[in-house]
Amino acid sequence: MALDVPAGVRVWRFCSAPPEFQELFPVGRDEDWVAHVAEPELRVVAHSLLVWRPIHPVHSVVLVDGSVVYCGSPSGAMAFVSGLGAPVTGTLLSGEERRSVQRVRLECRVRYETHSKPVRAGEGRTIDMSSSGISFTTESGLEVSARITLFVAWPVPLEDDVPIELWAIGTLVWTKPTTAALRLENISFVTTGGWRQTRPFDVDSVQ
């Protein structure tokens, strides 16, 4: 789907979707997305939504008027990719964030940018991931509590080997001279050509 949402298509974050749509997907999470596509638009739009199924779960429900409600769960991508890496014992985060979550040791190329001014940017590789956080290598030390965006070269492509990046936004919960751990606050996936991003499904601009 292009950046301009076609007529007959409405898109929300799960937490902002109409309650009757939320009820169709009882396991939906706030960071998931919901799209309602009128029947005349299905031929054009459906593929752009379902194309993400190799990356994360996308469910759909057909309504009585022939329209379809879709729910995509980027947070479910961690479970999808867990078979590619080795399970890790212990905890990724600290303090209140210590909880039992599945962690996977997986090395992917990553770029990072801090949200504060001046922006600090660099490259590294992921060390391990879970549904709540990512640890990664850095070019230099970063500050604890800094908000940061990671751009992770995802190990699973779309159809026709289209490469994907995970955009992960969050706060650093611990840092060392050349490593850090990010507590995830929001994630989305984008297609990429080299390091140039485009958004076939603009999760950040939905209602």
# chains A, B, ... in the order shown; residues from 1 in each chain; ligands from 1
$ residues_around --residues "segment 113-130 of chain A" --least-positions-apart "4" --cutoff "7 Å" --atoms "only C-alpha atoms" --output "JSON, numbers by chain"
{"A": [78, 101, 102, 103, 104, 105, 106, 107, 108, 109, 134, 135, 136, 137, 138, 139, 146, 147, 148, 149, 150]}
$ residues_around --residues "Asp30 of chain A" --least-positions-apart "3" --cutoff "9 Å" --atoms "only C-alpha atoms" --output "number ranges by chain"
A: 13-16, 33
$ closest_residue --among "A:Val156, A:Ile55, A:Leu24, A:Val62" --to "Ser75 of chain A" --atoms "only C-alpha atoms"
A:Ile55
$ residues_around --residues "segment 41-44 of chain A" --least-positions-apart "6" --cutoff "8 Å" --atoms "only C-alpha atoms" --output "CSV table (one decimal) with C-alpha atoms, in the first residue's frame"
chain,number,residue,atom,x,y,z
A,6,PRO,CA,-6.7,4.9,-0.8
A,7,ALA,CA,-10.3,5.8,-0.4
A,8,GLY,CA,-12.2,3.0,1.2
A,9,VAL,CA,-9.3,2.0,3.4
A,67,SER,CA,-15.3,-5.7,3.4
A,68,VAL,CA,-12.3,-7.2,5.3
